[in-house]
>>> print(open('final_30.json').read())   # JSON, C-alpha atoms
[["chain", "number", "residue", "atom", "x", "y", "z"],
["H", 1, "MET", "CA", -13.73, -8.01, -16.59],
["H", 2, "ALA", "CA", -14.85, -11.54, -15.89],
["H", 3, "HIS", "CA", -14.52, -12.84, -12.35],
["H", 4, "ASP", "CA", -11.39, -14.83, -13.07],
["H", 5, "GLY", "CA", -9.56, -12.00, -14.75],
["H", 6, "HIS", "CA", -9.90, -13.22, -18.29],
["H", 7, "ARG", "CA", -12.19, -11.90, -20.96],
["H", 8, "HIS", "CA", -14.07, -14.56, -22.81],
["H", 9, "ASP", "CA", -15.48, -12.66, -25.72],
["H", 10, "HIS", "CA", -12.83, -13.02, -28.38],
["H", 11, "GLY", "CA", -13.02, -16.25, -30.26],
["H", 12, "GLU", "CA", -11.28, -19.31, -28.90],
["H", 13, "GLY", "CA", -8.32, -17.65, -27.27],
["H", 14, "SER", "CA", -8.05, -15.71, -24.05],
["H", 15, "GLU", "CA", -7.51, -12.01, -23.95],
["H", 16, "LEU", "CA", -5.81, -10.26, -21.13],
["H", 17, "PRO", "CA", -6.39, -6.57, -20.52],
["H", 18, "PRO", "CA", -3.46, -4.43, -21.78],
["H", 19, "ILE", "CA", -2.53, -3.38, -18.27],
["H", 20, "ALA", "CA", -2.21, -7.00, -17.12],
["H", 21, "LEU", "CA", -0.02, -7.72, -20.15],
["H", 22, "ARG", "CA", 2.27, -4.87, -19.19],
["H", 23, "VAL", "CA", 2.66, -6.28, -15.67],
["H", 24, "LYS", "CA", 3.31, -9.80, -16.99],
["H", 25, "ALA", "CA", 5.90, -8.43, -19.42],
["H", 26, "LEU", "CA", 7.73, -6.60, -16.66],
["H", 27, "GLU", "CA", 7.55, -9.51, -14.26],
["H", 28, "SER", "CA", 8.76, -12.14, -16.74],
["H", 29, "LEU", "CA", 11.67, -9.98, -17.89],
["H", 30, "LEU", "CA", 12.68, -9.15, -14.33],
["H", 31, "VAL", "CA", 12.56, -12.83, -13.35],
["H", 32, "GLU", "CA", 14.65, -13.83, -16.38],
["H", 33, "LYS", "CA", 17.21, -11.16, -15.65],
["H", 34, "GLY", "CA", 17.43, -12.31, -12.05],
["H", 35, "TYR", "CA", 16.12, -9.16, -10.43],
["H", 36, "VAL", "CA", 13.02, -10.79, -9.03],
["H", 37, "ASP", "CA", 12.37, -14.20, -7.50],
["H", 38, "PRO", "CA", 8.82, -15.31, -8.32],
["H", 39, "LYS", "CA", 8.54, -17.26, -5.06],
["H", 40, "ALA", "CA", 9.64, -14.21, -3.10],
["H", 41, "LEU", "CA", 6.98, -12.19, -4.91],
["H", 42, "ASP", "CA", 4.26, -14.54, -3.71],
["H", 43, "VAL", "CA", 5.67, -14.60, -0.21],
["H", 44, "LEU", "CA", 5.70, -10.83, -0.19],
["H", 45, "ILE", "CA", 2.05, -10.60, -1.09],
["H", 46, "ASP", "CA", 1.21, -13.23, 1.53],
["H", 47, "THR", "CA", 3.25, -11.40, 4.11],
["H", 48, "TYR", "CA", 1.33, -8.23, 3.67],
["H", 49, "GLU", "CA", -1.90, -10.09, 3.71],
["H", 50, "ALA", "CA", -1.41, -12.26, 6.75],
["H", 51, "LYS", "CA", 1.67, -11.54, 8.76],
["H", 52, "ILE", "CA", 1.83, -7.80, 8.57],
["H", 53, "GLY", "CA", -1.18, -5.64, 8.96],
["H", 54, "PRO", "CA", -2.78, -3.10, 11.16],
["H", 55, "ARG", "CA", -2.57, -5.66, 13.97],
["H", 56, "ASN", "CA", 1.10, -4.80, 14.54],
["H", 57, "GLY", "CA", 0.20, -1.15, 14.93],
["H", 58, "ALA", "CA", -2.67, -2.08, 17.22],
["H", 59, "ARG", "CA", -0.25, -3.88, 19.53],
["H", 60, "VAL", "CA", 1.96, -0.80, 19.64],
["H", 61, "VAL", "CA", -1.06, 1.31, 20.63],
["H", 62, "ALA", "CA", -2.26, -1.17, 23.26],
["H", 63, "LYS", "CA", 1.20, -1.29, 24.82],
["H", 64, "ALA", "CA", 1.38, 2.50, 24.88],
["H", 65, "TRP", "CA", -1.97, 2.57, 26.70],
["H", 66, "THR", "CA", -0.92, 0.08, 29.35],
["H", 67, "ASP", "CA", 2.79, 0.76, 29.82],
["H", 68, "ALA", "CA", 3.71, 4.36, 30.66],
["H", 69, "ALA", "CA", 7.43, 3.75, 30.16],
["H", 70, "PHE", "CA", 6.78, 2.37, 26.68],
["H", 71, "ALA", "CA", 4.52, 5.33, 25.85],
["H", 72, "ASP", "CA", 7.28, 7.69, 26.93],
["H", 73, "TRP", "CA", 9.83, 5.82, 24.79],
["H", 74, "LEU", "CA", 7.40, 5.96, 21.87],
["H", 75, "LYS", "CA", 7.19, 9.75, 22.23],
["H", 76, "ARG", "CA", 10.95, 10.15, 22.33],
["H", 77, "ASP", "CA", 12.04, 7.55, 19.76],
["H", 78, "ALA", "CA", 9.17, 5.77, 18.04],
["H", 79, "THR", "CA", 11.47, 3.92, 15.64],
["H", 80, "ALA", "CA", 13.36, 2.22, 18.48],
["H", 81, "ALA", "CA", 10.29, 1.62, 20.63],
["H", 82, "ILE", "CA", 8.41, -0.01, 17.75],
["H", 83, "ALA", "CA", 11.48, -2.00, 16.70],
["H", 84, "SER", "CA", 11.66, -3.41, 20.25],
["H", 85, "LEU", "CA", 8.41, -5.23, 19.49],
["H", 86, "GLY", "CA", 9.96, -6.71, 16.37],
["H", 87, "TYR", "CA", 8.24, -4.47, 13.85],
["H", 88, "THR", "CA", 10.95, -3.21, 11.57],
["H", 89, "GLY", "CA", 11.68, -3.05, 7.90],
["H", 90, "ARG", "CA", 10.68, -1.29, 4.75],
["H", 91, "GLN", "CA", 9.00, 2.02, 5.15],
["H", 92, "GLY", "CA", 9.17, 1.88, 8.89],
["H", 93, "GLU", "CA", 12.74, 3.05, 9.35],
["H", 94, "HIS", "CA", 11.87, 6.48, 10.69],
["H", 95, "MET", "CA", 8.67, 6.36, 12.65],
["H", 96, "VAL", "CA", 7.07, 9.19, 14.56],
["H", 97, "ALA", "CA", 4.22, 8.51, 17.00],
["H", 98, "LEU", "CA", 1.54, 11.20, 17.17],
["H", 99, "PHE", "CA", -0.41, 11.10, 20.43],
["H", 100, "ASN", "CA", -3.97, 12.32, 20.29],
["H", 101, "THR", "CA", -4.98, 14.38, 23.32],
["H", 102, "PRO", "CA", -8.13, 16.22, 24.42],
["H", 103, "ASP", "CA", -6.62, 19.28, 22.70],
["H", 104, "THR", "CA", -5.26, 17.72, 19.52],
["H", 105, "HIS", "CA", -6.44, 15.26, 16.91],
["H", 106, "ASN", "CA", -3.77, 14.04, 14.50],
["H", 107, "MET", "CA", -4.35, 12.73, 11.00],
["H", 108, "VAL", "CA", -1.88, 11.45, 8.43],
["H", 109, "VAL", "CA", -1.77, 11.84, 4.67],
["H", 110, "CYS", "CA", 0.81, 11.52, 1.91],
["H", 111, "THR", "CA", 0.08, 14.33, -0.51],
["H", 112, "LEU", "CA", 2.85, 13.26, -2.90],
["H", 113, "CYS", "CA", 1.92, 9.63, -3.38],
["H", 114, "SER", "CA", 1.15, 7.00, -0.75],
["H", 115, "CYS", "CA", 3.98, 6.81, 1.78],
["H", 116, "TYR", "CA", 2.67, 4.63, 4.59],
["H", 117, "PRO", "CA", 4.14, 2.83, 7.62],
["H", 118, "TRP", "CA", 3.89, -0.69, 6.19],
["H", 119, "PRO", "CA", 5.54, -2.61, 9.03],
["H", 120, "VAL", "CA", 2.91, -1.44, 11.49],
["H", 121, "LEU", "CA", -0.13, -0.88, 9.29],
["H", 122, "GLY", "CA", 0.32, -3.25, 6.36],
["H", 123, "LEU", "CA", -0.82, -2.14, 2.92],
["H", 124, "PRO", "CA", -2.48, 1.23, 2.53],
["H", 125, "PRO", "CA", -6.24, 1.25, 1.99],
["H", 126, "VAL", "CA", -7.59, 2.40, -1.37],
["H", 127, "TRP", "CA", -8.92, 5.71, -0.07],
["H", 128, "TYR", "CA", -5.53, 6.64, 1.40],
["H", 129, "LYS", "CA", -4.08, 6.57, -2.11],
["H", 130, "SER", "CA", -6.96, 8.42, -3.73],
["H", 131, "MET", "CA", -6.56, 11.90, -5.14],
["H", 132, "PRO", "CA", -9.50, 13.33, -3.15],
["H", 133, "TYR", "CA", -8.03, 12.23, 0.16],
["H", 134, "ARG", "CA", -4.51, 13.29, -0.74],
["H", 135, "SER", "CA", -5.62, 16.74, -1.85],
["H", 136, "ARG", "CA", -8.43, 17.46, 0.59],
["H", 137, "ALA", "CA", -6.92, 16.18, 3.85],
["H", 138, "VAL", "CA", -4.69, 19.25, 4.02],
["H", 139, "ILE", "CA", -7.21, 21.81, 2.76],
["H", 140, "GLU", "CA", -10.32, 20.78, 4.68],
["H", 141, "PRO", "CA", -9.38, 18.10, 7.21],
["H", 142, "ARG", "CA", -12.48, 18.54, 9.37],
["H", 143, "GLU", "CA", -14.76, 18.05, 6.41],
["H", 144, "VAL", "CA", -12.83, 14.94, 5.35],
["H", 145, "LEU", "CA", -13.06, 13.59, 8.90],
["H", 146, "ARG", "CA", -16.80, 14.22, 8.94],
["H", 147, "GLU", "CA", -17.08, 12.06, 5.83],
["H", 148, "PHE", "CA", -15.33, 9.32, 7.81],
["H", 149, "GLY", "CA", -18.04, 9.77, 10.43],
["H", 150, "LEU", "CA", -15.75, 11.63, 12.80],
["H", 151, "SER", "CA", -16.84, 14.97, 14.19],
["H", 152, "VAL", "CA", -13.92, 16.66, 15.93],
["H", 153, "PRO", "CA", -15.06, 19.32, 18.42],
["H", 154, "GLU", "CA", -14.21, 22.87, 17.34],
["H", 155, "ASP", "CA", -12.05, 23.43, 20.42],
["H", 156, "ARG", "CA", -9.87, 20.48, 19.47],
["H", 157, "GLU", "CA", -7.12, 21.28, 17.00],
["H", 158, "VAL", "CA", -6.77, 19.04, 13.94],
["H", 159, "ARG", "CA", -3.15, 18.57, 12.90],
["H", 160, "VAL", "CA", -2.44, 17.07, 9.50],
["H", 161, "TRP", "CA", 0.91, 15.34, 8.98],
["H", 162, "ASP", "CA", 2.26, 14.85, 5.48],
["H", 163, "SER", "CA", 4.28, 11.64, 5.20],
["H", 164, "THR", "CA", 7.44, 11.61, 3.15],
["H", 165, "ALA", "CA", 9.78, 8.97, 1.85],
["H", 166, "GLU", "CA", 11.81, 9.50, 5.04],
["H", 167, "VAL", "CA", 9.28, 9.90, 7.85],
["H", 168, "ARG", "CA", 6.22, 7.76, 8.58],
["H", 169, "TYR", "CA", 3.62, 8.53, 11.20],
["H", 170, "LEU", "CA", 1.56, 6.39, 13.50],
["H", 171, "VAL", "CA", -1.33, 8.04, 15.32],
["H", 172, "ILE", "CA", -1.76, 6.86, 18.91],
["H", 173, "PRO", "CA", -5.48, 7.33, 19.51],
["H", 174, "GLU", "CA", -6.90, 8.10, 22.93],
["H", 175, "ARG", "CA", -7.82, 5.12, 25.05],
["H", 176, "PRO", "CA", -11.60, 4.99, 25.30],
["H", 177, "GLU", "CA", -13.32, 5.22, 28.66],
["H", 178, "GLY", "CA", -14.65, 2.03, 30.14],
["H", 179, "THR", "CA", -11.69, -0.09, 29.04],
["H", 180, "GLU", "CA", -9.91, -0.12, 32.40],
["H", 181, "GLY", "CA", -10.48, -3.84, 32.88],
["H", 182, "LEU", "CA", -9.22, -4.91, 29.44],
["H", 183, "SER", "CA", -5.92, -6.71, 28.94],
["H", 184, "GLU", "CA", -3.32, -5.46, 26.47],
["H", 185, "GLU", "CA", -4.45, -8.13, 24.04],
["H", 186, "GLN", "CA", -8.11, -7.18, 24.38],
["H", 187, "LEU", "CA", -7.21, -3.53, 23.87],
["H", 188, "ALA", "CA", -5.24, -4.30, 20.70],
["H", 189, "ALA", "CA", -8.36, -5.96, 19.31],
["H", 190, "ILE", "CA", -10.39, -2.74, 19.45],
["H", 191, "VAL", "CA", -7.77, -0.52, 17.80],
["H", 192, "THR", "CA", -8.71, 0.10, 14.18],
["H", 193, "ARG", "CA", -6.46, 0.94, 11.29],
["H", 194, "ASN", "CA", -8.32, 4.18, 10.61],
["H", 195, "ALA", "CA", -7.76, 5.27, 14.21],
["H", 196, "MET", "CA", -4.02, 4.85, 13.63],
["H", 197, "ILE", "CA", -4.18, 6.98, 10.46],
["H", 198, "GLY", "CA", -6.32, 9.52, 12.27],
["H", 199, "THR", "CA", -9.49, 9.11, 10.23],
["H", 200, "GLY", "CA", -11.16, 7.30, 13.11],
["H", 201, "VAL", "CA", -11.15, 7.03, 16.88],
["H", 202, "VAL", "CA", -11.26, 3.97, 19.09],
["H", 203, "THR", "CA", -14.52, 3.19, 20.82],
["H", 204, "ALA", "CA", -15.00, 0.64, 23.54],
["G", 1, "MET", "CA", -2.02, -19.14, -14.33],
["G", 2, "LYS", "CA", -5.30, -17.71, -13.22],
["G", 3, "LEU", "CA", -4.83, -14.01, -12.92],
["G", 4, "ALA", "CA", -7.39, -13.68, -10.20],
["G", 5, "ASP", "CA", -6.11, -15.95, -7.50],
["G", 6, "SER", "CA", -8.26, -13.87, -5.28],
["G", 7, "ALA", "CA", -7.78, -15.83, -2.07],
["G", 8, "ARG", "CA", -4.20, -14.63, -1.97],
["G", 9, "LEU", "CA", -5.00, -11.00, -2.50],
["G", 10, "PRO", "CA", -4.31, -8.67, 0.40],
["G", 11, "LYS", "CA", -7.56, -7.69, 2.06],
["G", 12, "ASP", "CA", -8.50, -5.84, 5.17],
["G", 13, "ALA", "CA", -11.55, -4.84, 7.14],
["G", 14, "ASP", "CA", -12.51, -2.31, 4.48],
["G", 15, "GLY", "CA", -12.32, -4.83, 1.64],
["G", 16, "PRO", "CA", -9.58, -5.67, -0.82],
["G", 17, "VAL", "CA", -6.58, -3.45, -0.77],
["G", 18, "PHE", "CA", -6.13, -4.18, -4.46],
["G", 19, "ASP", "CA", -9.01, -4.09, -6.89],
["G", 20, "GLU", "CA", -7.33, -6.44, -9.36],
["G", 21, "PRO", "CA", -4.53, -9.00, -9.19],
["G", 22, "TRP", "CA", -2.19, -7.07, -11.47],
["G", 23, "GLU", "CA", -2.19, -4.23, -8.97],
["G", 24, "ALA", "CA", -0.79, -6.48, -6.26],
["G", 25, "GLN", "CA", 1.79, -7.85, -8.69],
["G", 26, "ALA", "CA", 2.89, -4.39, -9.72],
["G", 27, "PHE", "CA", 3.06, -3.43, -6.09],
["G", 28, "ALA", "CA", 5.20, -6.42, -5.14],
["G", 29, "LEU", "CA", 7.53, -5.92, -8.12],
["G", 30, "ALA", "CA", 8.31, -2.39, -7.00],
["G", 31, "VAL", "CA", 8.97, -3.56, -3.46],
["G", 32, "GLN", "CA", 11.35, -6.28, -4.67],
["G", 33, "LEU", "CA", 13.28, -4.00, -6.99],
["G", 34, "ASN", "CA", 13.65, -1.53, -4.17],
["G", 35, "GLU", "CA", 14.95, -4.31, -1.91],
["G", 36, "ALA", "CA", 17.31, -5.48, -4.63],
["G", 37, "GLY", "CA", 18.76, -1.98, -4.70],
["G", 38, "VAL", "CA", 17.67, -1.19, -8.26],
["G", 39, "PHE", "CA", 16.25, 2.11, -7.03],
["G", 40, "GLY", "CA", 15.99, 3.91, -3.74],
["G", 41, "TRP", "CA", 12.70, 4.68, -2.13],
["G", 42, "SER", "CA", 13.05, 8.46, -2.50],
["G", 43, "GLU", "CA", 13.68, 7.96, -6.21],
["G", 44, "TRP", "CA", 10.59, 5.81, -6.39],
["G", 45, "ALA", "CA", 8.44, 8.28, -4.48],
["G", 46, "GLU", "CA", 9.54, 11.07, -6.82],
["G", 47, "THR", "CA", 8.86, 9.08, -9.98],
["G", 48, "LEU", "CA", 5.48, 7.89, -8.75],
["G", 49, "GLY", "CA", 4.62, 11.35, -7.51],
["G", 50, "ALA", "CA", 5.41, 12.79, -10.95],
["G", 51, "GLU", "CA", 3.20, 10.20, -12.66],
["G", 52, "LEU", "CA", 0.33, 10.84, -10.28],
["G", 53, "LYS", "CA", 0.64, 14.57, -10.76],
["G", 54, "ALA", "CA", 0.82, 14.32, -14.56],
["G", 55, "HIS", "CA", -2.26, 12.04, -14.70],
["G", 56, "PRO", "CA", -4.50, 12.95, -11.78],
["G", 57, "LEU", "CA", -7.53, 11.10, -13.16],
["G", 58, "ARG", "CA", -5.74, 7.89, -14.07],
["G", 59, "PRO", "CA", -6.32, 4.97, -11.70],
["G", 60, "TYR", "CA", -3.68, 4.84, -9.00],
["G", 61, "TYR", "CA", -2.03, 1.56, -9.94],
["G", 62, "GLU", "CA", -1.72, 2.55, -13.59],
["G", 63, "SER", "CA", 0.49, 5.40, -12.44],
["G", 64, "TRP", "CA", 2.31, 2.97, -10.20],
["G", 65, "LEU", "CA", 3.02, 0.69, -13.15],
["G", 66, "ALA", "CA", 4.02, 3.59, -15.40],
["G", 67, "ALA", "CA", 6.49, 4.74, -12.74],
["G", 68, "LEU", "CA", 7.90, 1.22, -12.54],
["G", 69, "GLU", "CA", 8.34, 1.04, -16.32],
["G", 70, "ARG", "CA", 10.05, 4.40, -16.38],
["G", 71, "LEU", "CA", 12.43, 3.54, -13.57],
["G", 72, "VAL", "CA", 13.57, 0.16, -14.91],
["G", 73, "GLU", "CA", 14.27, 1.84, -18.23],
["G", 74, "ALA", "CA", 16.13, 4.73, -16.58],
["G", 75, "LYS", "CA", 18.21, 2.21, -14.65],
["G", 76, "GLY", "CA", 19.10, 0.29, -17.79],
["G", 77, "VAL", "CA", 17.35, -2.86, -16.57],
["G", 78, "ILE", "CA", 14.75, -3.15, -19.34],
["G", 79, "SER", "CA", 14.67, -1.03, -22.49],
["G", 80, "GLU", "CA", 11.39, 0.21, -23.90],
["G", 81, "ALA", "CA", 11.79, -1.87, -27.07],
["G", 82, "GLU", "CA", 12.43, -5.03, -25.06],
["G", 83, "ARG", "CA", 9.45, -4.32, -22.86],
["G", 84, "LEU", "CA", 7.04, -3.63, -25.72],
["G", 85, "ALA", "CA", 8.17, -6.77, -27.55],
["G", 86, "ARG", "CA", 7.42, -8.77, -24.42],
["G", 87, "VAL", "CA", 3.98, -7.19, -23.99],
["G", 88, "ASP", "CA", 3.24, -8.21, -27.56],
["G", 89, "ALA", "CA", 4.52, -11.72, -26.96],
["G", 90, "TRP", "CA", 2.24, -12.14, -23.94],
["G", 91, "ASP", "CA", -0.69, -10.79, -25.92],
["G", 92, "ARG", "CA", -0.14, -13.33, -28.70],
["G", 93, "ALA", "CA", 0.38, -16.12, -26.16],
["G", 94, "ALA", "CA", -2.88, -15.26, -24.41],
["G", 95, "LYS", "CA", -4.85, -15.18, -27.64],
["G", 96, "ALA", "CA", -3.40, -18.53, -28.70],
["G", 97, "THR", "CA", -4.37, -20.17, -25.42],
["G", 98, "PRO", "CA", -7.72, -21.96, -25.20],
["G", 99, "HIS", "CA", -10.01, -20.97, -22.37],
["G", 100, "GLY", "CA", -9.28, -22.49, -19.01],
["G", 101, "GLN", "CA", -5.68, -23.38, -19.78],
["G", 102, "PRO", "CA", -2.66, -21.64, -18.32],
["G", 103, "ILE", "CA", -1.16, -18.98, -20.53],
["G", 104, "GLU", "CA", 2.48, -19.72, -21.32],
["G", 105, "LEU", "CA", 4.80, -17.55, -23.26],
["G", 106, "SER", "CA", 5.91, -20.40, -25.50],
["G", 107, "ARG", "CA", 2.46, -20.53, -27.07],
["G", 108, "GLY", "CA", 3.12, -17.17, -28.72]]
>>> encode(input="final_30.json", output="structure tokens")
Amino acid sequence: MAHDGHRHDHGEGSELPPIALRVKALESLLVEKGYVDPKALDVLIDTYEAKIGPRNGARVVAKAWTDAAFADWLKRDATAAIASLGYTGRQGEHMVALFNTPDTHNMVVCTLCSCYPWPVLGLPPVWYKSMPYRSRAVIEPREVLREFGLSVPEDREVRVWDSTAEVRYLVIPERPEGTEGLSEEQLAAIVTRNAMIGTGVVTA
Amino acid sequence: MKLADSARLPKDADGPVFDEPWEAQAFALAVQLNEAGVFGWSEWAETLGAELKAHPLRPYYESWLAALERLVEAKGVISEAERLARVDAWDRAAKATPHGQPIELSRG
């Protein structure tokens, strides 16, 4: 496909790929019938791009690292603790926080499709939705983690959590050594999305 | 309308979350219909899951779109005939539109 999404190889007119035509057909019919507001559609895409993203999740993690009472609340009722920071909404209604420890490394997958905690992590990355990740994360998690560059010691258990339409998980990675002097804000900046899915760890 | 208004596309540290603009559109449509109460999220997850399972090699967002088409039809929002006629109308409109101009349905 050309860089601007059109093909330019058919005479004078433009040709859109069949899949794009199908989306345009759906969208225009849904707008006409009043099910969809085109402005809201654009806002939605912008929201996921700019306002929501892994940064929200990173703030949750940084607060858990620096505020023991918050960490405890997160363990008991992640949905409420996360909502207290203002991160609520679609696909984040029933959150569970998974704390990594020296004994346990947690990783999250959705084997059925791509259930993902949008309010804290934004849109799912392409690999999260891929068939290889969805099928292999459960069968050979350590091998998958190695491909992400993460070697989990043999004496550390790897727990794989399968998201559903009802429950979404947020991994709380371990706070790296040497970060004692960092502020909550500075800590949030080093928390990566992959660390909160469990396919990465946080390094100082 | 330029299909690839790429500056607006969701991106993250690992690159674009969507490979092509239509993927983001299909994504946002599903989110809006869910919000509008046309279908529940469990229903959506089941329909998408079935599409993904039936076509494991098909690109992810094609299954997403197929699930969306199936659900709006099942919910009586858009019939298959209506949908296919509209796809055809957009195709004719696109082909009748000179390069560099916005594609409008009325051109079909």
>>> closest_residue(input="final_30.json", among="H:Met107, H:Val60, H:Leu21, H:Met131", to="Ala189 in chain H", atoms="only C-alpha atoms")
H:Val60
>>> closest_residue(input="final_30.json", among="G:Leu71, G:Gln32, G:Gly37, G:Gly76", to="Glu51 in chain G", atoms="all atoms listed in the file")
G:Leu71
>>> residues_around(input="final_30.json", residues="Leu112 in chain H", least_positions_apart="4", cutoff="12 Å", atoms="all atoms listed in the file", output="MDAnalysis selection string")
(chainID H and resid 116 128:131 133:135 138 162:165) or (chainID G and resid 42 44:54 56)
>>> residues_around(input="final_30.json", residues="Gln186 in chain H", least_positions_apart="6", cutoff="12 Å", atoms="all atoms listed in the file", output="list in words")
Arg55, Ala58, Arg59, Val61, Ala62, Lys63, Trp65, Thr66, Thr179, Glu180 and Ala204 of chain H
>>> closest_residue(input="final_30.json", among="H:Val96, H:Gly181, H:Asn56, H:Gly200", to="Glu147 in chain H", atoms="all atoms listed in the file")
H:Gly200
>>> closest_residue(input="final_30.json", among="G:Ala67, G:Ala74, G:Ala81, G:Leu33", to="chain H", atoms="all atoms listed in the file")
G:Leu33
>>> residues_around(input="final_30.json", residues="Glu35 in chain G", least_positions_apart="2", cutoff="12 Å", atoms="all atoms listed in the file", output="ChimeraX atom specification")
/H:35-37,40-41,44,89-91 /G:28-33,37-41,44
>>> closest_residue(input="final_30.json", among="H:Met95, H:Ala188, H:Val152, H:Ile197", to="Val109 in chain H", atoms="only C-alpha atoms")
H:Ile197
>>> residues_around(input="final_30.json", residues="Thr192 in chain H", least_positions_apart="5", cutoff="10 Å", atoms="only C-alpha atoms", output="list in words")
Pro54, Arg55, Gly57, Ala58, Leu121, Pro173, Ile197, Gly198, Thr199, Gly200, Val201, Val202 and Thr203 of chain H; Ala13 of chain G
>>> write_last_selection(input="final_30.json", atoms="C-alpha atoms", output="PDB file, in the frame of the given file")
ATOM      1  CA  PRO H  54      -2.780  -3.100  11.160  1.00  0.00           C
ATOM      2  CA  ARG H  55      -2.570  -5.660  13.970  1.00  0.00           C
ATOM      3  CA  GLY H  57       0.200  -1.150  14.930  1.00  0.00           C
ATOM      4  CA  ALA H  58      -2.670  -2.080  17.220  1.00  0.00           C
ATOM      5  CA  LEU H 121      -0.130  -0.880   9.290  1.00  0.00           C
ATOM      6  CA  PRO H 173      -5.480   7.330  19.510  1.00  0.00           C
ATOM      7  CA  ILE H 197      -4.180   6.980  10.460  1.00  0.00           C
ATOM      8  CA  GLY H 198      -6.320   9.520  12.270  1.00  0.00           C
ATOM      9  CA  THR H 199      -9.490   9.110  10.230  1.00  0.00           C
ATOM     10  CA  GLY H 200     -11.160   7.300  13.110  1.00  0.00           C
ATOM     11  CA  VAL H 201     -11.150   7.030  16.880  1.00  0.00           C
ATOM     12  CA  VAL H 202     -11.260   3.970  19.090  1.00  0.00           C
ATOM     13  CA  THR H 203     -14.520   3.190  20.820  1.00  0.00           C
TER      14      THR H 203
ATOM     15  CA  ALA G  13     -11.550  -4.840   7.140  1.00  0.00           C
TER      16      ALA G  13
END
>>> closest_residue(input="final_30.json", among="H:Glu174, H:Glu93, H:Glu32, H:Glu166", to="Val120 in chain H", atoms="only C-alpha atoms")
H:Glu93
>>> atom_distance(input="final_30.json", atom1="CA of Arg168 in chain H", atom2="CA of Pro117 in chain H")
5.4 Å
>>> atom_distance(input="final_30.json", atom1="CA of Leu29 in chain H", atom2="CA of Glu82 in chain G")
8.7 Å
>>> atom_distance(input="final_30.json", atom1="CA of Ala24 in chain G", atom2="CA of Met196 in chain H")
23.1 Å
>>> residues_around(input="final_30.json", residues="Ala64 in chain H", least_positions_apart="5", cutoff="8 Å", atoms="all atoms listed in the file", output="JSON, numbers by chain")
{"H": [70, 71, 74]}
